[in-house]
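First comes the structure, then the notes that go with it.
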Amino acid sequence: MTPDTMAESETCEFKKTLSELKEGVVSIAAILNKHGAGDLWFGIRNDGQPVGLDINEKTLRDVSQAVAAHIEPKIYPQIDVETIGGGTCIHIVFSGREAPYFAYGRAYMRVADEDRQMSAKTLEKLILSKNRDALRFDTQPTALKLRDLDAKRIRLFVSQAGLSWDNEGVQNVLEKLGVFKEGSVLQSAALFFAKAPPAQLRCAVFAGTTSATILDQHDFEGTILGLIEEAQKYILKNIRIGMRLNGLRREDVPEIAPEALREAVINAFCHRDWRDPESVRVAIYADRVEIRNPGSLPEGLTVERIRQGHISRRRNPLVADLLRRVHLVEAWGRGMPLILEKAPQVEFEDVAGLFIARFVRPPDVAQDKTPESSGKTSGKTSGKTSGKILAALCDDNAKTIPELSALIGVTERSIERNIRELQQRGRLRRIGPAKGGRWEVLP
């Protein structure tokens, strides 16, 4: 280092004399808390001009003792005497990975070339960040024994993951998966393999756009993999399934892309806060489907950044790894981009300790006000009726309104209303007169 290249920075501090030894010790702690390593010079002015010091053996001992006595946790810096610009200076090179560091009983943070005392909130965040791995729910040991795990579930998982079971026992397999450590079954293993798994799912269908009237509700308990399937089945059972023609074949077309729904459900279980006793929830309203998971977004991640499509933070890395092994989660965090691609109108909200994925339903889905549709959740909403009309007309395009009414089990008035809606949406066209004509189902 030469005089023309010397400048204070977030990792380098200059002190003119040893009368500033206390301030220098504070700078060491501040730099360690921000960057984990840095340099401190005595005998250089803050403008980078070397002025030199009178140094003897006691001088170096005083510096070493000050660092040792007043910084916690302990660090062991390298302290050298160097000649810079003709002046004799003390150069301290230090590093540490045990933040937060305290100087004289207080914590500091380096900001530009200043040392600022940390607020209680900043200190709390630093401590949590340091202990993030140790505090993760999915890495915590449980009181479960190997006998409390379902060997069939483990064997099925191994098969789905394309791994080899061979003659290995349950413990060896779990150790290779990283969910059995130091003689303990980890929480991640319980979520996937326990005979009595702790995971829960709550699902409900509501009559309108609020939760005032519940048409159906169901609570599920099971493993993560089982609940992912239950959530998807529940949603698809209670939203409109349309139809389109692919050549001579009829294909079901859900009103919301199943790939997007499935990915949102997987994300809910993968990234939820498992320390929160609340369940993952699926709420189906007349105008939307909401998938809610407990846990706000991790620090530094916002809804705006999520919509950029290339941000992935794993709250539960072991859970994510197990889902990746059975091809439900990609290592490159493709979940959000897939949701945005398949359902571009999706909305995300981070509110009151919940993360919500909200999918808009077409406006005509639950508009059927006929008596036979009220209080029912499967097969009797307007969307379900429309789908049945299209399916019936694909089989026989000459069916009349009375025939459709008798076949589907709703009033002729309901059939007429659904047909008008299908015509307005370009899904159905009448060819020929009212009597003797036929219907054409459009893709």
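To be explicit about the labels: the chains of the structure tokens are called A, B, and onward in the order shown, and within each one the residues are counted from 1, while ligands get numbers from 1 in the order they are shown.
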
message = With only C-alpha atoms as the counted atoms, please give the residues lying no more than 12 Å from stretch 229-231 of chain A, apart from itself and same-chain residues fewer than 5 positions off, as number ranges by chain.
response = A: 200-204, 218-224, 236-238, 258, 261-266, 268-269, 280-284, 289-292, 328

Since we have the selection now, will you write its residues out, keeping N, CA and C atoms, as a CSV table (one decimal), in the first residue's frame?
```
chain,number,residue,atom,x,y,z
A,200,GLN,N,-51.2,-29.9,8.2
A,200,GLN,CA,-52.6,-29.7,8.0
A,200,GLN,C,-52.9,-28.8,6.9
A,201,LEU,N,-54.1,-29.0,6.3
A,201,LEU,CA,-54.7,-28.2,5.2
A,201,LEU,C,-56.1,-27.9,5.5
A,202,ARG,N,-56.5,-26.7,5.3
A,202,ARG,CA,-57.9,-26.3,5.5
A,202,ARG,C,-58.4,-25.7,4.2
A,203,CYS,N,-59.6,-26.2,3.7
A,203,CYS,CA,-60.2,-25.8,2.4
A,203,CYS,C,-61.6,-25.4,2.6
A,204,ALA,N,-62.1,-24.4,1.9
A,204,ALA,CA,-63.4,-24.0,2.0
A,204,ALA,C,-63.9,-23.3,0.7
A,218,HIS,N,-63.5,-28.4,4.4
A,218,HIS,CA,-62.9,-29.7,4.7
A,218,HIS,C,-61.5,-29.5,5.2
A,219,ASP,N,-61.2,-30.2,6.3
A,219,ASP,CA,-59.9,-30.1,6.9
A,219,ASP,C,-59.2,-31.5,6.6
A,220,PHE,N,-57.9,-31.4,6.2
A,220,PHE,CA,-57.1,-32.5,5.9
A,220,PHE,C,-55.9,-32.6,6.8
A,221,GLU,N,-55.5,-33.8,7.2
A,221,GLU,CA,-54.2,-34.0,7.8
A,221,GLU,C,-53.4,-35.1,7.0
A,222,GLY,N,-52.1,-34.9,7.0
A,222,GLY,CA,-51.3,-35.9,6.2
A,222,GLY,C,-49.9,-35.4,6.0
A,223,THR,N,-49.2,-36.0,5.2
A,223,THR,CA,-47.8,-35.6,4.8
A,223,THR,C,-47.9,-34.5,3.8
A,224,ILE,N,-46.8,-33.8,3.6
A,224,ILE,CA,-46.7,-32.7,2.7
A,224,ILE,C,-47.2,-33.2,1.3
A,236,LEU,N,-59.8,-28.2,-8.0
A,236,LEU,CA,-60.3,-28.6,-9.4
A,236,LEU,C,-61.7,-29.1,-9.2
A,237,LYS,N,-62.1,-29.7,-8.1
A,237,LYS,CA,-63.5,-30.2,-7.9
A,237,LYS,C,-64.4,-29.0,-7.8
A,238,ASN,N,-63.9,-27.8,-7.3
A,238,ASN,CA,-64.8,-26.8,-7.0
A,238,ASN,C,-64.7,-25.5,-7.9
A,258,PRO,N,-54.1,-25.4,-14.3
A,258,PRO,CA,-53.8,-26.4,-13.2
A,258,PRO,C,-52.3,-26.3,-12.8
A,261,LEU,N,-51.9,-23.4,-10.4
A,261,LEU,CA,-52.5,-23.7,-9.1
A,261,LEU,C,-51.6,-24.7,-8.3
A,262,ARG,N,-51.1,-25.7,-9.0
A,262,ARG,CA,-50.3,-26.7,-8.4
A,262,ARG,C,-49.0,-26.1,-7.9
A,263,GLU,N,-48.4,-25.3,-8.7
A,263,GLU,CA,-47.1,-24.6,-8.2
A,263,GLU,C,-47.4,-23.7,-7.0
A,264,ALA,N,-48.5,-23.0,-7.0
A,264,ALA,CA,-48.8,-22.2,-5.8
A,264,ALA,C,-49.0,-23.0,-4.6
A,265,VAL,N,-49.7,-24.2,-4.7
A,265,VAL,CA,-49.9,-25.1,-3.6
A,265,VAL,C,-48.5,-25.6,-3.1
A,266,ILE,N,-47.7,-26.0,-4.0
A,266,ILE,CA,-46.4,-26.5,-3.6
A,266,ILE,C,-45.6,-25.5,-2.9
A,268,ALA,N,-46.7,-23.0,-1.2
A,268,ALA,CA,-47.3,-22.8,0.1
A,268,ALA,C,-46.7,-23.7,1.1
A,269,PHE,N,-46.6,-25.0,0.8
A,269,PHE,CA,-46.1,-26.0,1.7
A,269,PHE,C,-44.5,-25.9,1.8
A,280,VAL,N,-51.9,-24.2,6.1
A,280,VAL,CA,-52.1,-23.8,4.8
A,280,VAL,C,-53.6,-23.8,4.5
A,281,ARG,N,-54.1,-22.7,3.8
A,281,ARG,CA,-55.5,-22.6,3.5
A,281,ARG,C,-55.8,-22.4,2.0
A,282,VAL,N,-56.9,-23.1,1.6
A,282,VAL,CA,-57.4,-22.8,0.2
A,282,VAL,C,-58.8,-22.3,0.4
A,283,ALA,N,-59.0,-21.1,-0.2
A,283,ALA,CA,-60.3,-20.4,-0.1
A,283,ALA,C,-60.8,-20.2,-1.5
A,284,ILE,N,-62.0,-20.7,-1.8
A,284,ILE,CA,-62.6,-20.6,-3.2
A,284,ILE,C,-63.8,-19.7,-3.1
A,289,VAL,N,-59.7,-17.6,-6.4
A,289,VAL,CA,-59.2,-18.7,-5.6
A,289,VAL,C,-58.0,-18.2,-4.8
A,290,GLU,N,-57.9,-18.3,-3.5
A,290,GLU,CA,-56.8,-17.9,-2.7
A,290,GLU,C,-56.1,-19.1,-2.1
A,291,ILE,N,-54.8,-19.1,-2.2
A,291,ILE,CA,-53.9,-20.1,-1.5
A,291,ILE,C,-53.1,-19.3,-0.5
A,292,ARG,N,-53.3,-19.6,0.8
A,292,ARG,CA,-52.6,-18.8,1.8
A,292,ARG,C,-51.7,-19.7,2.6
A,328,LEU,N,-40.9,-32.0,-7.7
A,328,LEU,CA,-42.0,-31.0,-7.4
A,328,LEU,C,-41.4,-29.6,-7.3
```

Using only C-alpha atoms, which residues of stretch 202-245 of chain A come within 9 Å of stretch 386-401 of chain A, and what is the closest atom pair for each, with the distance in Å to one decimal? Give it as a Markdown table, sorted by chain and residue number.
```
| residue | atom | partner | partner_atom | distance |
| --- | --- | --- | --- | --- |
| A:Arg240 | CA | A:Gly387 | CA | 7.3 |
| A:Ile241 | CA | A:Gly387 | CA | 6.2 |
| A:Gly242 | CA | A:Gly387 | CA | 4.9 |
| A:Met243 | CA | A:Gly387 | CA | 6.5 |
| A:Arg244 | CA | A:Leu390 | CA | 8.8 |
| A:Leu245 | CA | A:Cys394 | CA | 8.9 |
```

Can you spit out the residues from that selection as a PDB file, in the first residue's frame, using C-alpha atoms?
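Saved to result-v1.pdb:
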```
ATOM      1  CA  ARG A 240     -65.388 -24.636 -13.496  1.00  0.00           C
ATOM      2  CA  ILE A 241     -64.016 -27.270 -15.831  1.00  0.00           C
ATOM      3  CA  GLY A 242     -64.689 -26.253 -19.410  1.00  0.00           C
ATOM      4  CA  MET A 243     -64.044 -28.146 -22.605  1.00  0.00           C
ATOM      5  CA  ARG A 244     -62.379 -27.663 -25.949  1.00  0.00           C
ATOM      6  CA  LEU A 245     -62.050 -29.808 -29.031  1.00  0.00           C
TER       7      LEU A 245
END
```

Report the closest atom pair, with its distance in Å rounded to one decimal, for each residue of stretch 210-294 of chain A that has an atom no farther than 10 Å from stretch 135-143 of chain A; count only C-alpha atoms, sort by chain and then rising residue number, and write it as a tab-separated table.
```
residue	atom	partner	partner_atom	distance
A:Asp273	CA	A:Phe137	CA	8.1
A:Trp274	CA	A:Phe137	CA	6.4
A:Arg275	CA	A:Phe137	CA	6.5
```

Would you save the residues of that selection, restricted to N, CA and C atoms, as an mmCIF file, in the first residue's frame?
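Written out: selection-v3.cif:
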```cif
data_model
loop_
_atom_site.group_PDB
_atom_site.id
_atom_site.type_symbol
_atom_site.label_atom_id
_atom_site.label_comp_id
_atom_site.auth_asym_id
_atom_site.auth_seq_id
_atom_site.Cartn_x
_atom_site.Cartn_y
_atom_site.Cartn_z
ATOM 1 N N ASP A 273 -44.017 -20.812 7.042
ATOM 2 C CA ASP A 273 -43.344 -20.805 8.329
ATOM 3 C C ASP A 273 -43.940 -21.937 9.168
ATOM 4 N N TRP A 274 -43.182 -23.006 9.324
ATOM 5 C CA TRP A 274 -43.698 -24.179 10.024
ATOM 6 C C TRP A 274 -43.749 -23.985 11.533
ATOM 7 N N ARG A 275 -43.148 -22.905 12.041
ATOM 8 C CA ARG A 275 -43.263 -22.621 13.466
ATOM 9 C C ARG A 275 -44.626 -22.025 13.808
#
```

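As for atom CA of A:Ile90 and atom CA of A:Ala30, they are spaced 19.1 Å apart.
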
message = Can you tell me which residues surround A:Leu60 at a distance of at most 10 Å, considering only C-alpha atoms, apart from same-chain residues fewer than 3 positions away, and format the answer as a ChimeraX atom specification?
response = /A:55-57,63-66,79-81,90

query = Mind checking DSSP for stretch 35-163 of chain A and telling me the helix (DSSP H, G or I) residues as number ranges by chain?
reply = A: 35, 57-70, 120-130, 132-135, 137-139, 146-148, 151-160

Per residue of stretch 190-250 of chain A within 10 Å of stretch 153-159 of chain A, note the shortest atom pair and the distance in Å to one decimal, counting only C-alpha atoms, and order the rows by chain and increasing residue number, as a tab-separated table.
```
residue	atom	partner	partner_atom	distance
A:Phe192	CA	A:Arg153	CA	7.9
A:Phe193	CA	A:Arg153	CA	5.8
A:Ala194	CA	A:Arg153	CA	8.5
A:Lys195	CA	A:Arg153	CA	8.8
A:Thr223	CA	A:Arg153	CA	9.4
A:Leu225	CA	A:Phe157	CA	9.6
```

ask   = Using only C-alpha atoms, which residues sit within 8 Å of stretch 101-118 of chain A once same-chain residues fewer than 3 positions away are excluded, as an NGL selection string?
value = :A and (8-10 or 12-13 or 25-27 or 29-34 or 70-73 or 98 or 121-123)

Output of the above residues as a tab-separated table (two decimals), in the first residue's frame, restricted to C-alpha atoms:
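Saved file again-v8.tsv follows:
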```
chain	number	residue	atom	x	y	z
A	8	GLU	CA	-10.71	5.04	4.27
A	9	SER	CA	-13.58	2.78	3.28
A	10	GLU	CA	-16.09	0.37	4.77
A	12	CYS	CA	-10.34	0.21	6.11
A	13	GLU	CA	-9.92	2.74	8.95
A	25	VAL	CA	-11.24	-0.93	18.59
A	26	VAL	CA	-14.80	0.25	17.88
A	27	SER	CA	-13.96	0.42	14.16
A	29	ALA	CA	-16.03	-4.41	15.68
A	30	ALA	CA	-18.07	-2.28	13.26
A	31	ILE	CA	-16.20	-3.58	10.21
A	32	LEU	CA	-16.44	-7.17	11.41
A	33	ASN	CA	-20.20	-6.84	11.81
A	34	LYS	CA	-20.59	-5.50	8.27
A	70	HIS	CA	-12.60	-5.08	24.64
A	71	ILE	CA	-13.89	-7.07	21.64
A	72	GLU	CA	-16.30	-9.97	22.10
A	73	PRO	CA	-16.29	-12.65	20.76
A	98	GLU	CA	-18.99	-14.86	14.66
A	121	LYS	CA	-33.78	-4.01	15.75
A	122	THR	CA	-30.63	-4.17	13.62
A	123	LEU	CA	-28.88	-6.21	16.28
```

message = Taking 2 positions as the minimum chain separation for residues in the same chain, which residues sit within 8 Å of stretch 295-299 of chain A when counting only C-alpha atoms? Answer as a ChimeraX atom specification.
response = /A:272-273,276,293,301-302,313,315,350-355

task = Could you check how far atom CA of A:Ile28 sits from atom CA of A:Val93, in Å to one decimal?
result = 9.4 Å

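The shortest atom-to-atom distance to A:His271, with only C-alpha atoms taken into account, belongs to A:Val319 out of A:Val173, A:Val319, A:Ile256, A:Ala68.
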
So which residues touch stretch 344-346 of chain A within 8 Å, counting only C-alpha atoms, skipping near sequence neighbours fewer than 5 positions away, as a PDB file with N, CA and C atoms, in the first residue's frame?
```pdb
ATOM      1  N   ILE A 339     -45.826 -19.811 -12.470  1.00  0.00           N
ATOM      2  CA  ILE A 339     -47.141 -19.280 -12.096  1.00  0.00           C
ATOM      3  C   ILE A 339     -47.460 -18.041 -12.925  1.00  0.00           C
ATOM      4  N   ALA A 357     -51.494 -16.117  -2.549  1.00  0.00           N
ATOM      5  CA  ALA A 357     -51.530 -16.150  -4.017  1.00  0.00           C
ATOM      6  C   ALA A 357     -53.004 -16.137  -4.409  1.00  0.00           C
ATOM      7  N   ARG A 358     -53.406 -15.151  -5.196  1.00  0.00           N
ATOM      8  CA  ARG A 358     -54.821 -14.948  -5.523  1.00  0.00           C
ATOM      9  C   ARG A 358     -55.022 -15.080  -7.035  1.00  0.00           C
ATOM     10  N   PHE A 359     -55.853 -16.047  -7.434  1.00  0.00           N
ATOM     11  CA  PHE A 359     -56.132 -16.309  -8.842  1.00  0.00           C
ATOM     12  C   PHE A 359     -57.552 -15.839  -9.173  1.00  0.00           C
ATOM     13  N   VAL A 360     -57.665 -15.039 -10.210  1.00  0.00           N
ATOM     14  CA  VAL A 360     -58.973 -14.504 -10.607  1.00  0.00           C
ATOM     15  C   VAL A 360     -59.756 -15.566 -11.366  1.00  0.00           C
TER      16      VAL A 360
END
```

inquiry  = Can you tell me, as a PyMOL selection string, which residues in stretch 146-347 of chain A count as strand (DSSP E or B) by DSSP?
reply    = chain A and resi 149+180-181+184-186+194+199-206+214-222+241-246+249-254+280-284+288-294+347

Next, dump the selected residues to file, keeping only N, CA and C atoms, as a compact mmCIF listing (two decimals), in the first residue's frame.
```txt
# COMPACT_ATOMS: atom_id res chain seq x y z
N LEU A 149 -41.94 -43.61 12.07
CA LEU A 149 -41.98 -43.27 10.65
C LEU A 149 -42.55 -44.43 9.86
N PHE A 180 -31.98 -37.23 9.07
CA PHE A 180 -31.70 -37.96 10.32
C PHE A 180 -30.26 -37.66 10.69
N LYS A 181 -30.07 -36.93 11.81
CA LYS A 181 -28.74 -36.50 12.18
C LYS A 181 -28.51 -36.68 13.67
N SER A 184 -31.15 -38.32 15.72
CA SER A 184 -32.46 -37.70 15.84
C SER A 184 -33.17 -37.62 14.48
N VAL A 185 -34.49 -37.86 14.52
CA VAL A 185 -35.34 -37.64 13.35
C VAL A 185 -35.64 -36.15 13.27
N LEU A 186 -35.35 -35.53 12.14
CA LEU A 186 -35.58 -34.10 12.00
C LEU A 186 -37.03 -33.81 11.63
N ALA A 194 -43.82 -39.33 8.72
CA ALA A 194 -44.36 -39.76 10.01
C ALA A 194 -45.66 -40.53 9.83
N ALA A 199 -48.62 -32.08 9.52
CA ALA A 199 -49.08 -31.07 8.55
C ALA A 199 -50.60 -31.08 8.40
N GLN A 200 -51.16 -29.89 8.17
CA GLN A 200 -52.60 -29.75 8.03
C GLN A 200 -52.93 -28.83 6.85
N LEU A 201 -54.14 -29.00 6.34
CA LEU A 201 -54.65 -28.20 5.23
C LEU A 201 -56.13 -27.91 5.49
N ARG A 202 -56.53 -26.66 5.31
CA ARG A 202 -57.93 -26.28 5.48
C ARG A 202 -58.45 -25.72 4.17
N CYS A 203 -59.58 -26.25 3.71
CA CYS A 203 -60.16 -25.82 2.44
C CYS A 203 -61.62 -25.40 2.65
N ALA A 204 -62.06 -24.42 1.88
CA ALA A 204 -63.44 -23.97 2.00
C ALA A 204 -63.90 -23.34 0.69
N VAL A 205 -65.21 -23.44 0.44
CA VAL A 205 -65.85 -22.78 -0.69
C VAL A 205 -66.87 -21.80 -0.12
N PHE A 206 -66.87 -20.58 -0.62
CA PHE A 206 -67.77 -19.54 -0.13
C PHE A 206 -68.76 -19.15 -1.21
N ILE A 214 -70.51 -19.99 4.04
CA ILE A 214 -69.68 -21.13 3.64
C ILE A 214 -70.56 -22.20 3.00
N LEU A 215 -70.19 -22.61 1.81
CA LEU A 215 -70.91 -23.68 1.13
C LEU A 215 -70.32 -25.05 1.44
N ASP A 216 -69.02 -25.07 1.64
CA ASP A 216 -68.37 -26.36 1.90
C ASP A 216 -67.04 -26.09 2.59
N GLN A 217 -66.66 -26.96 3.50
CA GLN A 217 -65.33 -26.87 4.09
C GLN A 217 -64.84 -28.26 4.45
N HIS A 218 -63.53 -28.40 4.40
CA HIS A 218 -62.94 -29.70 4.68
C HIS A 218 -61.53 -29.48 5.22
N ASP A 219 -61.21 -30.17 6.32
CA ASP A 219 -59.87 -30.14 6.89
C ASP A 219 -59.17 -31.46 6.62
N PHE A 220 -57.90 -31.36 6.23
CA PHE A 220 -57.11 -32.55 5.92
C PHE A 220 -55.88 -32.60 6.82
N GLU A 221 -55.46 -33.80 7.16
CA GLU A 221 -54.19 -34.02 7.83
C GLU A 221 -53.41 -35.06 7.04
N GLY A 222 -52.10 -34.90 6.99
CA GLY A 222 -51.31 -35.87 6.24
C GLY A 222 -49.90 -35.37 6.03
N ILE A 241 -64.81 -26.50 -14.87
CA ILE A 241 -64.02 -27.27 -15.83
C ILE A 241 -64.71 -27.16 -17.18
N GLY A 242 -64.12 -26.41 -18.08
CA GLY A 242 -64.69 -26.25 -19.41
C GLY A 242 -64.22 -27.36 -20.34
N MET A 243 -64.38 -27.12 -21.62
CA MET A 243 -64.04 -28.15 -22.61
C MET A 243 -63.62 -27.47 -23.89
N ARG A 244 -62.73 -28.11 -24.60
CA ARG A 244 -62.38 -27.66 -25.95
C ARG A 244 -62.13 -28.89 -26.80
N LEU A 245 -62.26 -28.71 -28.10
CA LEU A 245 -62.05 -29.81 -29.03
C LEU A 245 -60.63 -29.78 -29.56
N ASN A 246 -59.99 -30.92 -29.53
CA ASN A 246 -58.67 -31.09 -30.11
C ASN A 246 -58.81 -32.18 -31.17
N ARG A 249 -61.17 -35.14 -30.39
CA ARG A 249 -61.16 -35.42 -28.96
C ARG A 249 -61.61 -34.22 -28.15
N ARG A 250 -62.27 -34.49 -27.05
CA ARG A 250 -62.71 -33.44 -26.14
C ARG A 250 -61.73 -33.36 -24.98
N GLU A 251 -61.26 -32.15 -24.67
CA GLU A 251 -60.30 -31.96 -23.59
C GLU A 251 -60.91 -31.07 -22.51
N ASP A 252 -60.69 -31.44 -21.24
CA ASP A 252 -61.13 -30.60 -20.13
C ASP A 252 -60.20 -29.40 -20.00
N VAL A 253 -60.80 -28.24 -19.75
CA VAL A 253 -60.02 -27.01 -19.60
C VAL A 253 -60.47 -26.29 -18.33
N PRO A 254 -59.76 -26.44 -17.23
CA PRO A 254 -60.11 -25.70 -16.01
C PRO A 254 -60.01 -24.20 -16.23
N VAL A 280 -51.94 -24.24 6.14
CA VAL A 280 -52.10 -23.75 4.77
C VAL A 280 -53.60 -23.77 4.46
N ARG A 281 -54.09 -22.73 3.78
CA ARG A 281 -55.53 -22.64 3.51
C ARG A 281 -55.79 -22.42 2.03
N VAL A 282 -56.87 -23.06 1.56
CA VAL A 282 -57.38 -22.84 0.21
C VAL A 282 -58.79 -22.28 0.36
N ALA A 283 -59.00 -21.08 -0.17
CA ALA A 283 -60.31 -20.42 -0.08
C ALA A 283 -60.82 -20.15 -1.49
N ILE A 284 -61.99 -20.72 -1.81
CA ILE A 284 -62.57 -20.58 -3.15
C ILE A 284 -63.79 -19.67 -3.05
N ARG A 288 -62.66 -15.60 -7.18
CA ARG A 288 -61.22 -15.84 -7.04
C ARG A 288 -60.95 -17.12 -6.25
N VAL A 289 -59.72 -17.58 -6.38
CA VAL A 289 -59.21 -18.68 -5.55
C VAL A 289 -57.97 -18.15 -4.84
N GLU A 290 -57.93 -18.32 -3.52
CA GLU A 290 -56.79 -17.86 -2.73
C GLU A 290 -56.09 -19.05 -2.08
N ILE A 291 -54.77 -19.07 -2.18
CA ILE A 291 -53.94 -20.06 -1.51
C ILE A 291 -53.08 -19.30 -0.51
N ARG A 292 -53.27 -19.59 0.76
CA ARG A 292 -52.63 -18.81 1.82
C ARG A 292 -51.70 -19.69 2.63
N ASN A 293 -50.50 -19.18 2.88
CA ASN A 293 -49.60 -19.92 3.77
C ASN A 293 -49.07 -19.00 4.86
N PRO A 294 -48.91 -19.53 6.07
CA PRO A 294 -48.40 -18.73 7.18
C PRO A 294 -46.94 -18.34 6.95
N GLU A 347 -52.33 -12.46 -8.41
CA GLU A 347 -51.92 -11.40 -7.50
C GLU A 347 -51.26 -12.04 -6.28
```

key: For A:Glu421: contacts at 9 Å, only C-alpha atoms, fewer than 5 positions along chain excluded, given as number ranges by chain   = A: 364, 386, 416, 426-428

request  = Could you tell me how far atom CA of A:Ile408 lies from atom CA of A:Thr385, in Å and to one decimal?
outcome  = 7.4 Å
